[in-house]
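A.B. asks: Provided herewith: entry02.txt, compact mmCIF, C-alpha atoms.
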```txt
# COMPACT_ATOMS: atom_id res chain seq x y z
CA MET L 175 35.30 -90.33 211.37
CA SER L 176 31.52 -90.77 211.07
CA VAL L 177 29.23 -88.23 212.70
CA VAL L 178 25.87 -89.00 214.29
CA ALA L 179 23.41 -86.32 215.42
CA LEU L 180 21.30 -87.10 218.49
CA VAL L 181 18.27 -84.97 219.20
CA ASP L 182 17.77 -84.25 222.90
CA ALA L 183 20.61 -86.38 224.22
CA TYR L 184 20.43 -85.63 227.94
CA ALA L 185 21.41 -87.60 231.04
CA PRO L 186 18.78 -90.38 230.73
CA SER L 187 20.07 -91.28 227.26
CA MET L 188 23.81 -90.67 227.65
CA GLN L 189 24.37 -94.40 227.23
CA LEU L 190 23.38 -93.99 223.58
CA THR L 191 25.87 -91.16 223.19
CA LYS L 192 28.61 -93.30 224.71
CA ALA L 193 27.71 -96.25 222.48
CA PHE L 194 28.27 -94.15 219.34
CA LEU L 195 31.44 -92.62 220.79
CA ASN L 196 32.77 -96.09 221.60
CA ALA L 197 32.07 -97.08 218.00
CA GLY L 198 34.46 -94.34 216.86
CA CYS L 199 31.89 -91.68 215.98
CA GLU L 200 31.69 -88.04 216.75
CA VAL L 201 28.33 -87.09 218.22
CA VAL L 202 26.52 -83.80 217.67
CA ARG L 203 23.70 -82.94 220.03
CA VAL L 204 20.66 -81.07 218.77
CA GLN L 205 18.35 -79.42 221.29
CA SER L 206 14.76 -79.45 220.07
CA THR L 207 13.94 -76.58 222.45
CA ALA L 208 15.79 -73.33 223.06
CA GLU L 209 15.52 -73.88 226.81
CA VAL L 210 16.59 -77.18 228.32
CA PRO L 211 13.56 -78.67 230.13
CA PRO L 212 13.97 -78.53 233.94
CA PHE L 213 13.72 -82.34 234.04
CA TYR L 214 17.16 -82.50 232.34
CA ARG L 215 18.99 -79.49 233.74
CA SER L 216 20.51 -81.10 236.82
CA ALA L 217 22.83 -83.31 234.76
CA LEU L 218 23.39 -81.25 231.63
CA ALA L 219 26.78 -81.84 229.99
CA THR L 220 28.16 -80.84 226.60
CA ASP L 221 31.84 -81.77 226.72
CA GLU L 222 31.38 -85.13 224.98
CA PHE L 223 29.68 -83.61 221.95
CA ALA L 224 31.42 -82.29 218.85
CA ASP L 225 28.81 -79.54 218.68
CA ASN L 226 25.61 -78.48 220.43
CA ILE L 227 23.02 -77.10 218.00
CA VAL L 228 19.97 -75.35 219.41
CA HIS L 229 16.80 -75.48 217.32
CA THR L 230 14.97 -72.15 217.56
CA GLY L 231 12.09 -73.02 215.27
CA ASP L 232 13.62 -72.62 211.80
CA LEU L 233 13.96 -76.13 210.38
CA GLY L 234 16.03 -75.01 207.39
CA GLU L 235 18.51 -73.22 209.63
CA THR L 236 18.85 -76.20 211.98
CA ALA L 237 19.14 -78.68 209.10
CA ALA L 238 21.91 -76.56 207.58
CA ALA L 239 23.78 -76.44 210.88
CA VAL L 240 23.50 -80.20 211.30
CA GLY L 241 24.28 -80.85 207.64
CA LYS L 242 27.63 -79.07 207.91
CA HIS L 243 28.83 -82.02 209.98
CA GLU L 244 27.83 -84.45 207.20
CA PRO L 245 26.17 -86.90 209.61
CA VAL L 246 25.44 -90.49 208.64
CA ALA L 247 22.39 -90.50 210.91
CA VAL L 248 20.04 -88.26 212.86
CA LEU L 249 17.90 -89.91 215.51
CA ALA L 250 16.01 -89.07 218.67
CA ALA L 251 17.79 -89.80 221.93
CA GLY L 252 14.69 -88.98 223.98
CA GLU L 253 10.93 -88.70 223.66
CA LEU L 254 10.97 -84.93 223.29
CA GLY L 255 13.18 -85.12 220.19
CA VAL L 256 11.19 -87.62 218.11
CA GLU L 257 9.48 -85.16 215.78
CA LEU L 258 12.51 -82.96 215.13
CA ALA L 259 14.64 -86.05 214.45
CA ASP L 260 12.07 -87.13 211.86
CA GLN L 261 12.16 -83.70 210.23
CA LEU L 262 15.95 -83.44 210.15
CA SER L 263 16.62 -86.98 208.94
CA GLU L 264 14.05 -86.53 206.17
CA ALA L 265 15.36 -83.09 205.17
CA LEU L 266 18.96 -84.36 205.02
CA GLY L 267 18.11 -87.50 203.02
CA LEU L 268 19.25 -89.87 205.75
CA PRO L 269 17.64 -93.10 206.99
CA THR L 270 14.37 -91.83 208.41
CA ASN L 271 10.96 -92.74 209.74
CA GLY L 272 9.68 -89.72 207.82
CA THR L 273 7.27 -87.06 208.95
CA SER L 274 3.94 -88.38 207.66
CA LEU L 275 3.31 -90.35 210.87
CA SER L 276 5.39 -88.29 213.30
CA LEU L 277 2.33 -87.13 215.19
CA ALA L 278 1.23 -90.73 215.75
CA ARG L 279 4.60 -91.46 217.31
CA ARG L 280 4.16 -88.71 219.94
CA ASP L 281 0.45 -88.02 220.44
CA LYS L 282 -1.00 -90.85 222.54
CA TYR L 283 -4.55 -90.48 221.18
CA VAL L 284 -3.49 -90.39 217.53
CA GLN L 285 -1.13 -93.30 218.20
CA ILE L 286 -3.87 -95.65 219.36
CA GLU L 287 -6.27 -94.55 216.61
CA THR L 288 -3.54 -95.20 214.03
CA ILE L 289 -2.89 -98.78 215.10
CA LYS L 290 -6.64 -99.49 215.30
CA ALA L 291 -7.03 -98.20 211.74
CA ALA L 292 -4.38 -100.78 210.76
CA GLY L 293 -6.53 -103.54 212.24
CA LEU L 294 -4.65 -103.97 215.52
CA ARG L 295 -6.14 -104.26 219.00
CA GLY L 296 -6.22 -100.85 220.70
CA ALA L 297 -7.94 -99.37 223.72
CA ARG L 298 -11.28 -97.58 223.55
CA GLN L 299 -10.52 -93.94 224.16
CA LEU L 300 -11.72 -90.36 224.17
CA LEU L 301 -9.88 -87.17 223.27
CA VAL L 302 -11.18 -85.10 226.17
CA THR L 303 -12.52 -81.67 225.26
CA ASP L 304 -14.67 -80.94 228.31
CA ALA L 305 -15.70 -82.40 231.65
CA ASP L 306 -19.26 -83.22 230.59
CA ALA L 307 -18.11 -85.29 227.62
CA LEU L 308 -15.64 -87.17 229.83
CA THR L 309 -18.33 -87.86 232.44
CA GLU L 310 -20.70 -89.26 229.82
CA TRP L 311 -17.98 -91.36 228.19
CA HIS L 312 -16.79 -92.82 231.52
CA ARG L 313 -20.34 -93.78 232.46
CA ALA L 314 -20.79 -95.51 229.10
CA ILE L 315 -17.48 -97.38 229.44
CA GLY L 316 -18.09 -98.35 233.07
CA GLY L 317 -15.47 -99.47 235.55
CA ARG L 318 -11.99 -98.00 235.67
CA VAL L 319 -10.43 -95.71 233.06
CA VAL L 320 -7.01 -94.15 232.62
CA VAL L 321 -6.62 -90.40 232.18
CA LYS L 322 -3.28 -88.99 231.00
CA PRO L 323 -1.56 -86.20 229.05
CA LEU L 324 -1.25 -86.53 225.29
CA ARG L 325 2.48 -85.96 224.94
CA SER L 326 4.40 -86.73 228.11
CA ALA L 327 6.40 -89.78 229.25
CA GLY L 328 7.48 -91.75 232.30
CA ASN L 329 3.96 -92.13 233.73
CA ASP L 330 3.79 -88.35 234.15
CA GLY L 331 0.25 -87.28 235.06
CA VAL L 332 -1.27 -90.75 234.57
CA SER L 333 -4.27 -91.48 236.81
CA ASN L 334 -6.40 -94.60 237.20
CA CYS L 335 -9.97 -93.47 237.85
CA ASP L 336 -12.87 -95.56 239.12
CA THR L 337 -15.62 -92.95 238.86
CA PRO L 338 -16.51 -90.15 236.43
CA ALA L 339 -15.82 -87.66 239.23
CA GLU L 340 -12.28 -89.01 239.61
CA SER L 341 -11.76 -88.80 235.84
CA VAL L 342 -12.90 -85.18 235.74
CA ALA L 343 -10.62 -84.30 238.67
CA ALA L 344 -7.67 -85.94 236.91
CA TYR L 345 -8.50 -84.15 233.65
CA ARG L 346 -8.59 -80.77 235.35
CA ALA L 347 -5.37 -81.47 237.27
CA ILE L 348 -3.52 -82.33 234.05
CA LEU L 349 -4.69 -79.14 232.31
CA ASP L 350 -3.32 -77.11 235.21
CA GLN L 351 0.19 -78.53 234.77
CA THR L 352 3.04 -78.79 232.28
CA THR L 353 4.65 -82.09 231.30
CA ILE L 354 8.08 -83.22 232.49
CA PHE L 355 9.33 -81.69 229.21
CA ALA L 356 7.90 -78.28 230.16
CA GLU L 357 5.26 -78.55 227.43
CA ARG L 358 1.82 -77.16 228.27
CA ASN L 359 -0.94 -79.75 228.61
CA ASP L 360 -3.61 -78.41 226.28
CA ALA L 361 -5.40 -81.73 225.76
CA VAL L 362 -6.00 -84.99 227.60
CA VAL L 363 -6.81 -88.55 226.57
CA ALA L 364 -9.00 -91.00 228.51
CA GLN L 365 -8.68 -94.71 227.79
CA GLU L 366 -10.32 -97.89 228.99
CA TYR L 367 -8.37 -99.63 231.74
CA LEU L 368 -6.69 -102.71 230.34
CA THR L 369 -6.67 -105.76 232.61
CA GLY L 370 -3.68 -108.08 232.33
CA GLY L 371 0.05 -108.30 232.79
CA GLU L 372 2.16 -105.46 231.43
CA TYR L 373 5.17 -106.16 229.23
CA VAL L 374 7.94 -104.18 227.57
CA VAL L 375 9.22 -104.97 224.09
CA ASN L 376 12.36 -103.06 223.12
CA THR L 377 13.27 -103.06 219.46
CA VAL L 378 15.66 -101.69 216.84
CA SER L 379 14.79 -101.43 213.15
CA ARG L 380 16.61 -100.96 209.88
CA ASP L 381 14.81 -100.60 206.55
CA GLY L 382 11.63 -101.97 208.15
CA CYS L 383 13.38 -105.07 209.50
CA HIS L 384 12.73 -105.27 213.24
CA ARG L 385 14.91 -106.75 215.98
CA ALA L 386 13.46 -107.55 219.43
CA THR L 387 16.44 -106.75 221.65
CA ASP L 388 14.91 -107.44 225.08
CA LEU L 389 11.50 -108.23 226.59
CA TRP L 390 10.42 -107.52 230.17
CA LYS L 391 7.51 -108.31 232.47
CA TYR L 392 6.56 -105.66 235.03
CA SER L 393 5.67 -106.50 238.61
CA LYS L 394 3.16 -104.15 240.24
CA MET L 395 1.50 -103.34 243.52
CA ALA L 396 -1.51 -101.34 244.68
CA ILE L 397 -0.62 -98.56 247.13
CA GLY L 398 -3.91 -96.66 247.32
CA GLY L 399 -4.96 -93.31 245.93
CA GLY L 400 -4.43 -92.99 242.20
CA ALA L 401 -1.36 -95.25 242.15
CA ARG L 402 -3.15 -98.59 241.94
CA ASP L 403 -0.63 -100.14 239.56
CA ARG L 404 2.71 -98.87 240.82
CA ILE L 405 5.54 -100.66 238.95
CA THR L 406 7.86 -102.23 241.54
CA GLY L 407 10.17 -104.12 239.22
CA ALA L 408 10.93 -105.65 235.84
CA HIS L 409 11.98 -109.21 234.97
CA LEU L 410 13.72 -110.10 231.71
CA ILE L 411 11.79 -112.65 229.65
CA GLY L 412 13.79 -115.63 228.43
CA THR L 413 13.94 -116.89 224.88
CA ASP L 414 11.87 -119.96 225.78
CA SER L 415 8.89 -118.00 227.12
CA PRO L 416 5.62 -119.12 225.48
CA LEU L 417 4.53 -115.46 225.36
CA ARG L 418 7.54 -114.30 223.38
CA HIS L 419 6.22 -114.77 219.84
CA GLN L 420 2.78 -113.38 220.64
CA LEU L 421 4.27 -110.19 222.09
CA ILE L 422 6.88 -109.77 219.35
CA ASP L 423 4.45 -110.35 216.48
CA TYR L 424 2.09 -107.73 217.87
CA ALA L 425 4.93 -105.27 218.60
CA PHE L 426 6.31 -105.56 215.06
CA ALA L 427 2.84 -104.97 213.61
CA VAL L 428 2.57 -101.81 215.76
CA LEU L 429 5.94 -100.60 214.47
CA ASP L 430 4.74 -101.10 210.90
CA ALA L 431 1.47 -99.28 211.58
CA LEU L 432 3.34 -96.29 213.05
CA GLY L 433 5.94 -96.15 210.29
CA ILE L 434 8.89 -96.97 212.54
CA THR L 435 11.30 -98.41 209.99
CA HIS L 436 14.58 -97.13 211.44
CA GLY L 437 16.06 -96.94 214.90
CA PRO L 438 15.07 -97.93 218.43
CA ALA L 439 11.60 -98.14 219.93
CA HIS L 440 10.16 -98.91 223.35
CA LEU L 441 6.70 -100.51 223.50
CA GLU L 442 4.55 -101.11 226.56
CA VAL L 443 1.89 -103.75 226.03
CA ILE L 444 -0.87 -105.24 228.20
CA LEU L 445 -1.59 -108.91 227.57
CA THR L 446 -5.39 -108.98 227.95
CA GLU L 447 -7.76 -111.93 227.63
CA ASP L 448 -8.28 -110.79 224.03
CA GLY L 449 -4.57 -110.69 223.29
CA PRO L 450 -1.88 -107.98 223.35
CA CYS L 451 -3.02 -104.38 223.50
CA LEU L 452 -0.76 -101.35 223.25
CA VAL L 453 -0.32 -98.94 226.14
CA GLU L 454 2.04 -96.66 224.22
CA VAL L 455 5.19 -96.52 222.09
CA GLY L 456 8.26 -94.34 222.28
CA ALA L 457 10.28 -94.09 219.06
CA ARG L 458 13.55 -93.96 221.02
CA ILE L 459 15.64 -96.13 223.32
CA CYS L 460 14.17 -97.47 226.54
CA GLY L 461 14.94 -95.68 229.78
CA ALA L 462 15.43 -97.01 233.32
CA ASN L 463 18.92 -98.28 232.38
CA LYS L 464 17.37 -101.42 230.88
CA ALA L 465 20.09 -101.62 228.22
CA TYR L 466 22.66 -102.19 230.98
CA TYR L 467 20.60 -105.01 232.46
CA ALA L 468 19.89 -106.55 229.07
CA ASP L 469 23.63 -106.67 228.50
CA LEU L 470 24.09 -108.39 231.88
CA ALA L 471 21.59 -111.00 230.78
CA ALA L 472 22.50 -111.64 227.17
CA GLY L 473 25.73 -109.76 226.40
CA GLU L 474 23.89 -107.42 224.03
CA SER L 475 21.33 -104.65 224.23
CA GLN L 476 19.33 -102.04 222.37
CA LEU L 477 22.42 -99.81 222.31
CA GLU L 478 24.67 -102.07 220.23
CA TRP L 479 21.86 -102.91 217.85
CA THR L 480 21.08 -99.21 217.35
CA VAL L 481 24.71 -98.48 216.54
CA ASP L 482 24.78 -101.33 214.01
CA ALA L 483 21.48 -100.26 212.45
CA TYR L 484 23.01 -96.93 211.47
CA LEU L 485 26.74 -97.66 211.13
CA ASN L 486 26.78 -101.28 209.97
CA PRO L 487 23.40 -102.07 208.41
CA ALA L 488 24.75 -105.12 206.55
CA ARG L 489 25.72 -106.74 209.85
CA PHE L 490 22.37 -105.78 211.37
CA LEU L 491 20.38 -107.28 208.50
CA ALA L 492 22.45 -110.46 208.52
CA ASP L 493 21.75 -111.18 212.19
CA TYR L 494 18.58 -109.37 213.30
CA GLN L 495 16.35 -112.47 213.38
CA ARG L 496 18.56 -114.36 215.82
CA PRO L 497 16.87 -114.48 219.26
CA TYR L 498 18.87 -113.18 222.20
CA GLN L 499 20.11 -115.94 224.54
CA VAL L 500 19.83 -115.43 228.30
CA ARG L 501 22.95 -116.48 230.19
CA ASN L 502 21.99 -114.65 233.38
CA HIS L 503 18.48 -114.16 234.67
CA VAL L 504 17.98 -110.49 235.43
CA ALA L 505 15.50 -108.33 237.33
CA ILE L 506 15.29 -104.72 238.49
CA SER L 507 13.63 -103.72 241.76
CA TRP L 508 12.31 -100.21 242.40
CA PRO L 509 11.54 -99.95 246.13
CA THR L 510 8.35 -98.21 247.18
CA SER L 511 8.79 -95.60 249.90
CA PRO L 512 5.75 -95.19 252.20
CA VAL L 513 7.32 -92.16 253.89
CA ALA L 514 8.56 -88.74 252.82
CA GLY L 515 11.13 -86.44 254.37
CA THR L 516 14.83 -85.70 254.70
CA LEU L 517 16.80 -88.94 254.48
CA ARG L 518 19.29 -89.79 257.21
CA SER L 519 20.21 -93.28 255.99
CA TYR L 520 19.09 -96.57 254.46
CA PRO L 521 19.51 -98.86 257.51
CA LEU L 522 18.88 -102.09 255.58
CA LEU L 523 20.87 -101.29 252.45
CA ASP L 524 23.86 -103.42 253.48
CA THR L 525 21.49 -106.38 253.87
CA VAL L 526 20.24 -105.79 250.34
CA ARG L 527 23.79 -105.49 248.97
CA GLY L 528 24.60 -108.84 250.58
CA LEU L 529 21.91 -110.76 248.70
CA GLU L 530 23.38 -113.34 246.35
CA SER L 531 22.06 -111.97 243.06
CA VAL L 532 22.29 -108.23 243.76
CA THR L 533 24.81 -106.78 241.31
CA ASN L 534 24.40 -103.03 241.67
CA VAL L 535 22.40 -100.34 243.42
CA GLU L 536 21.60 -97.03 241.72
CA ILE L 537 20.80 -94.49 244.42
CA TYR L 538 18.76 -91.50 243.30
CA VAL L 539 18.30 -89.96 246.77
CA GLU L 540 21.43 -89.78 248.92
CA PRO L 541 21.42 -89.10 252.70
CA GLY L 542 20.53 -85.47 253.21
CA GLY L 543 18.22 -85.49 250.20
CA GLN L 544 14.45 -85.58 250.11
CA VAL L 545 12.84 -89.01 249.91
CA PRO L 546 9.49 -88.77 248.10
CA GLU L 547 6.55 -90.88 249.15
CA THR L 548 6.14 -93.25 246.23
CA ILE L 549 2.84 -92.43 244.59
CA ASP L 550 3.77 -93.16 240.97
CA ASP L 551 6.49 -94.71 238.84
CA SER L 552 8.61 -91.56 238.68
CA SER L 553 9.04 -91.01 242.45
CA LYS L 554 11.85 -93.49 243.07
CA ALA L 555 14.63 -93.40 245.66
CA MET L 556 16.74 -96.13 244.05
CA ALA L 557 16.94 -99.03 241.64
CA ILE L 558 18.40 -102.41 242.58
CA GLY L 559 19.74 -104.73 239.89
CA LEU L 560 19.78 -108.51 240.25
CA ALA L 561 21.50 -111.06 238.01
CA HIS L 562 22.24 -114.77 238.45
CA GLY L 563 22.49 -117.95 236.42
CA CYS L 564 19.63 -119.43 238.46
CA GLU L 565 16.25 -117.77 238.00
CA GLU L 566 14.96 -118.99 241.38
CA ILE L 567 17.73 -117.11 243.21
CA VAL L 568 16.82 -113.89 241.40
CA ASN L 569 13.14 -114.38 242.27
CA ARG L 570 13.99 -115.18 245.90
CA ASP L 571 16.14 -112.07 246.30
CA PHE L 572 13.56 -109.89 244.55
CA ALA L 573 10.96 -111.10 247.08
CA THR L 574 13.41 -110.46 249.93
CA ILE L 575 13.83 -106.84 248.83
CA ALA L 576 10.06 -106.45 248.75
CA TYR L 577 9.94 -107.82 252.31
CA LEU L 578 12.65 -105.43 253.55
CA ASP L 579 11.14 -102.42 251.81
CA GLY L 580 8.87 -100.37 254.04
CA PRO L 581 9.08 -97.70 256.77
CA GLY L 582 12.15 -99.38 258.30
CA PHE L 583 14.08 -99.13 255.04
CA TYR L 584 14.20 -95.32 255.27
CA GLU L 585 15.57 -93.51 258.32
CA LEU L 586 14.43 -89.90 258.21
CA GLU L 587 15.66 -86.84 260.04
CA GLU L 588 13.39 -85.77 262.84
CA GLN L 589 11.28 -82.79 261.92
CA GLN L 590 11.94 -79.70 264.05
```
Go through the file and emit its structure as structure tokens.

C.D. replies:
Amino acid sequence: MSVVALVDAYAPSMQLTKAFLNAGCEVVRVQSTAEVPPFYRSALATDEFADNIVHTGDLGETAAAVGKHEPVAVLAAGELGVELADQLSEALGLPTNGTSLSLARRDKYVQIETIKAAGLRGARQLLVTDADALTEWHRAIGGRVVVKPLRSAGNDGVSNCDTPAESVAAYRAILDQTTIFAERNDAVVAQEYLTGGEYVVNTVSRDGCHRATDLWKYSKMAIGGGARDRITGAHLIGTDSPLRHQLIDYAFAVLDALGITHGPAHLEVILTEDGPCLVEVGARICGANKAYYADLAAGESQLEWTVDAYLNPARFLADYQRPYQVRNHVAISWPTSPVAGTLRSYPLLDTVRGLESVTNVEIYVEPGGQVPETIDDSSKAMAIGLAHGCEEIVNRDFATIAYLDGPGFYELEEQQ
């Protein structure tokens, strides 16, 4: 039985664990931190793993512990584990992205500078060291800028700022906090605001050969405050889209520039008037359950291609250039709560479930729980999946959900 080691395989990436288990593997989990980050503690499970190895800072010791299982692969299951996965796979002589560009795959400032050095379009940016430098830079750039932590994920701490004063306030707020991974924010990056539609390109690579497994277009809305581009949904892009080749060619060039030759990656790209421009890359599988929805659409996803890349590379390399074929049009809706409080019920949820293309509803906040006012992409009460052979029906039902969403969608307990 083959063994695969997954670094930081927690609840958001358990689908990857299950994919390797279903392929007949044993899976060893490696924790890159001695303490599990609070973001992952609520759904921590170890019973599906053959072993749980905790990295305490000694790479040789951790590599020896992992090596005893004779794994065929070590890869990151989540953003936090990217660098340790690079170190372990390199140390054990396994398929690896190596360590020379590990920093560029995690540090958002270094990442953009690396792709620009390779001749690719990248945002103008500043590694913020003090408020005065940020103020001067924002004035020189003009207009809106984005201020965010260097090493977080999931839109954590990201602020769109229209004035230097807003940028400085965002910078100071980030330095006062830790990331969702419980890492201290000791630096901040400011970037020009990119105008254009935002797209996702999910990929899997083997020996530098890249497969585009699924492409998505985000829908957004402005809800005031710092959340001017709140992501409300994602729509799978079909094979016949005229944007497909432009996005894929740019994404593959980014992978090459960042040394991602093995395993999954998740790229977010803005299609500006000057062409595609990277927001950021994660050298790991995509979150938000997109693999499930990709499978609904095309009968395949990033999960199966990742398994093949490591367990059956010959099959991967024989088929990786074949475009995925959409048999169901798919979208995901993330409702936007304008209220906050203790939830009593979702009065209109049965209406949503009755829509023709709605296939599933993932509820994150059950009655009795606390509904957050949606101010960013991480404060979600639920996700609604839509799939249908007719794209117009999916678009109609997506618009219907947007119409139903609002104060009347959330019944709250009366405050005492």

A.B. asks: What's the 10 Å shell around segment 422-437 of chain L, counting only C-alpha atoms, without same-chain residues fewer than 4 positions away, as a PyMOL selection string?

C.D. replies: chain L and resi 247-250+269-279+285-286+288-295+374-386+389+417-418+441-443+449-452+454-455+457-459+476+479-484

A.B. asks: Take atom CA of His409 of chain L and atom CA of Val513 of chain L and report the distance between them in Å, one decimal.

C.D. replies: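 Atom-to-atom, atom CA of His409 of chain L to atom CA of Val513 of chain L, that is 25.9 Å.
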
A.B. asks: Hey, what's within 12 Å of Glu253 of chain L if we count only C-alpha atoms and toss same-chain stuff fewer than 3 positions away? As a ChimeraX atom specification, please?

C.D. replies: /L:180-184,186-187,206,249-250,256-260,276,279-281,325-328,353-355,438-440,454-461

A.B. asks: Could you check the closest approach to Ala361 of chain L for each of L:Thr303, L:Ser511, L:Gln420, L:Thr406 and tell me which residue wins, using only C-alpha atoms?

C.D. replies: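 Comparing L:Thr303, L:Ser511, L:Gln420, L:Thr406 against Ala361 of chain L, the winner is L:Thr303.
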
A.B. asks: Taking all atoms listed in the file into account, name the residue in L:Arg527, L:Lys391, L:Arg358, L:Arg402 that is nearest to Cys335 of chain L.

C.D. replies: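 Of the candidates, the smallest distance to Cys335 of chain L is held by L:Arg402.
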
A.B. asks: Report, in Å with one decimal, the straight-line distance from atom CA of Gly317 of chain L to atom CA of Thr337 of chain L.

C.D. replies: 7.3 Å

A.B. asks: Could you add whatever atoms are missing so that segment 276-291 of chain L carries N, CA and C atoms, then write the result as a PDB file, in the frame of the given file?

C.D. replies:
```pdb
ATOM      1  N   SER L 276       4.707 -88.785 212.100  1.00  0.00           N
ATOM      2  CA  SER L 276       5.390 -88.290 213.300  1.00  0.00           C
ATOM      3  C   SER L 276       4.421 -88.041 214.445  1.00  0.00           C
ATOM      4  N   LEU L 277       3.288 -87.440 214.138  1.00  0.00           N
ATOM      5  CA  LEU L 277       2.330 -87.130 215.190  1.00  0.00           C
ATOM      6  C   LEU L 277       1.872 -88.397 215.897  1.00  0.00           C
ATOM      7  N   ALA L 278       1.674 -89.472 215.157  1.00  0.00           N
ATOM      8  CA  ALA L 278       1.230 -90.730 215.750  1.00  0.00           C
ATOM      9  C   ALA L 278       2.295 -91.346 216.637  1.00  0.00           C
ATOM     10  N   ARG L 279       3.531 -90.935 216.466  1.00  0.00           N
ATOM     11  CA  ARG L 279       4.600 -91.460 217.310  1.00  0.00           C
ATOM     12  C   ARG L 279       4.782 -90.644 218.588  1.00  0.00           C
ATOM     13  N   ARG L 280       4.073 -89.518 218.724  1.00  0.00           N
ATOM     14  CA  ARG L 280       4.160 -88.710 219.940  1.00  0.00           C
ATOM     15  C   ARG L 280       2.814 -88.527 220.632  1.00  0.00           C
ATOM     16  N   ASP L 281       1.767 -88.300 219.876  1.00  0.00           N
ATOM     17  CA  ASP L 281       0.450 -88.020 220.440  1.00  0.00           C
ATOM     18  C   ASP L 281      -0.229 -89.353 220.792  1.00  0.00           C
ATOM     19  N   LYS L 282      -0.525 -89.553 222.074  1.00  0.00           N
ATOM     20  CA  LYS L 282      -1.000 -90.850 222.540  1.00  0.00           C
ATOM     21  C   LYS L 282      -2.390 -91.204 221.981  1.00  0.00           C
ATOM     22  N   TYR L 283      -3.230 -90.210 221.762  1.00  0.00           N
ATOM     23  CA  TYR L 283      -4.550 -90.480 221.180  1.00  0.00           C
ATOM     24  C   TYR L 283      -4.404 -90.881 219.718  1.00  0.00           C
ATOM     25  N   VAL L 284      -3.679 -90.093 218.950  1.00  0.00           N
ATOM     26  CA  VAL L 284      -3.490 -90.390 217.530  1.00  0.00           C
ATOM     27  C   VAL L 284      -2.785 -91.734 217.361  1.00  0.00           C
ATOM     28  N   GLN L 285      -1.864 -92.037 218.260  1.00  0.00           N
ATOM     29  CA  GLN L 285      -1.130 -93.300 218.200  1.00  0.00           C
ATOM     30  C   GLN L 285      -2.067 -94.499 218.240  1.00  0.00           C
ATOM     31  N   ILE L 286      -2.962 -94.508 219.216  1.00  0.00           N
ATOM     32  CA  ILE L 286      -3.870 -95.650 219.360  1.00  0.00           C
ATOM     33  C   ILE L 286      -4.857 -95.709 218.190  1.00  0.00           C
ATOM     34  N   GLU L 287      -5.353 -94.551 217.746  1.00  0.00           N
ATOM     35  CA  GLU L 287      -6.270 -94.550 216.610  1.00  0.00           C
ATOM     36  C   GLU L 287      -5.578 -95.061 215.342  1.00  0.00           C
ATOM     37  N   THR L 288      -4.290 -94.765 215.203  1.00  0.00           N
ATOM     38  CA  THR L 288      -3.540 -95.200 214.030  1.00  0.00           C
ATOM     39  C   THR L 288      -3.382 -96.705 213.986  1.00  0.00           C
ATOM     40  N   ILE L 289      -3.060 -97.316 215.126  1.00  0.00           N
ATOM     41  CA  ILE L 289      -2.890 -98.780 215.100  1.00  0.00           C
ATOM     42  C   ILE L 289      -4.244 -99.468 214.936  1.00  0.00           C
ATOM     43  N   LYS L 290      -5.313 -98.889 215.486  1.00  0.00           N
ATOM     44  CA  LYS L 290      -6.640 -99.490 215.300  1.00  0.00           C
ATOM     45  C   LYS L 290      -7.055 -99.426 213.828  1.00  0.00           C
ATOM     46  N   ALA L 291      -6.712 -98.327 213.169  1.00  0.00           N
ATOM     47  CA  ALA L 291      -7.030 -98.200 211.740  1.00  0.00           C
ATOM     48  C   ALA L 291      -6.280 -99.238 210.919  1.00  0.00           C
TER      49      ALA L 291
END
```
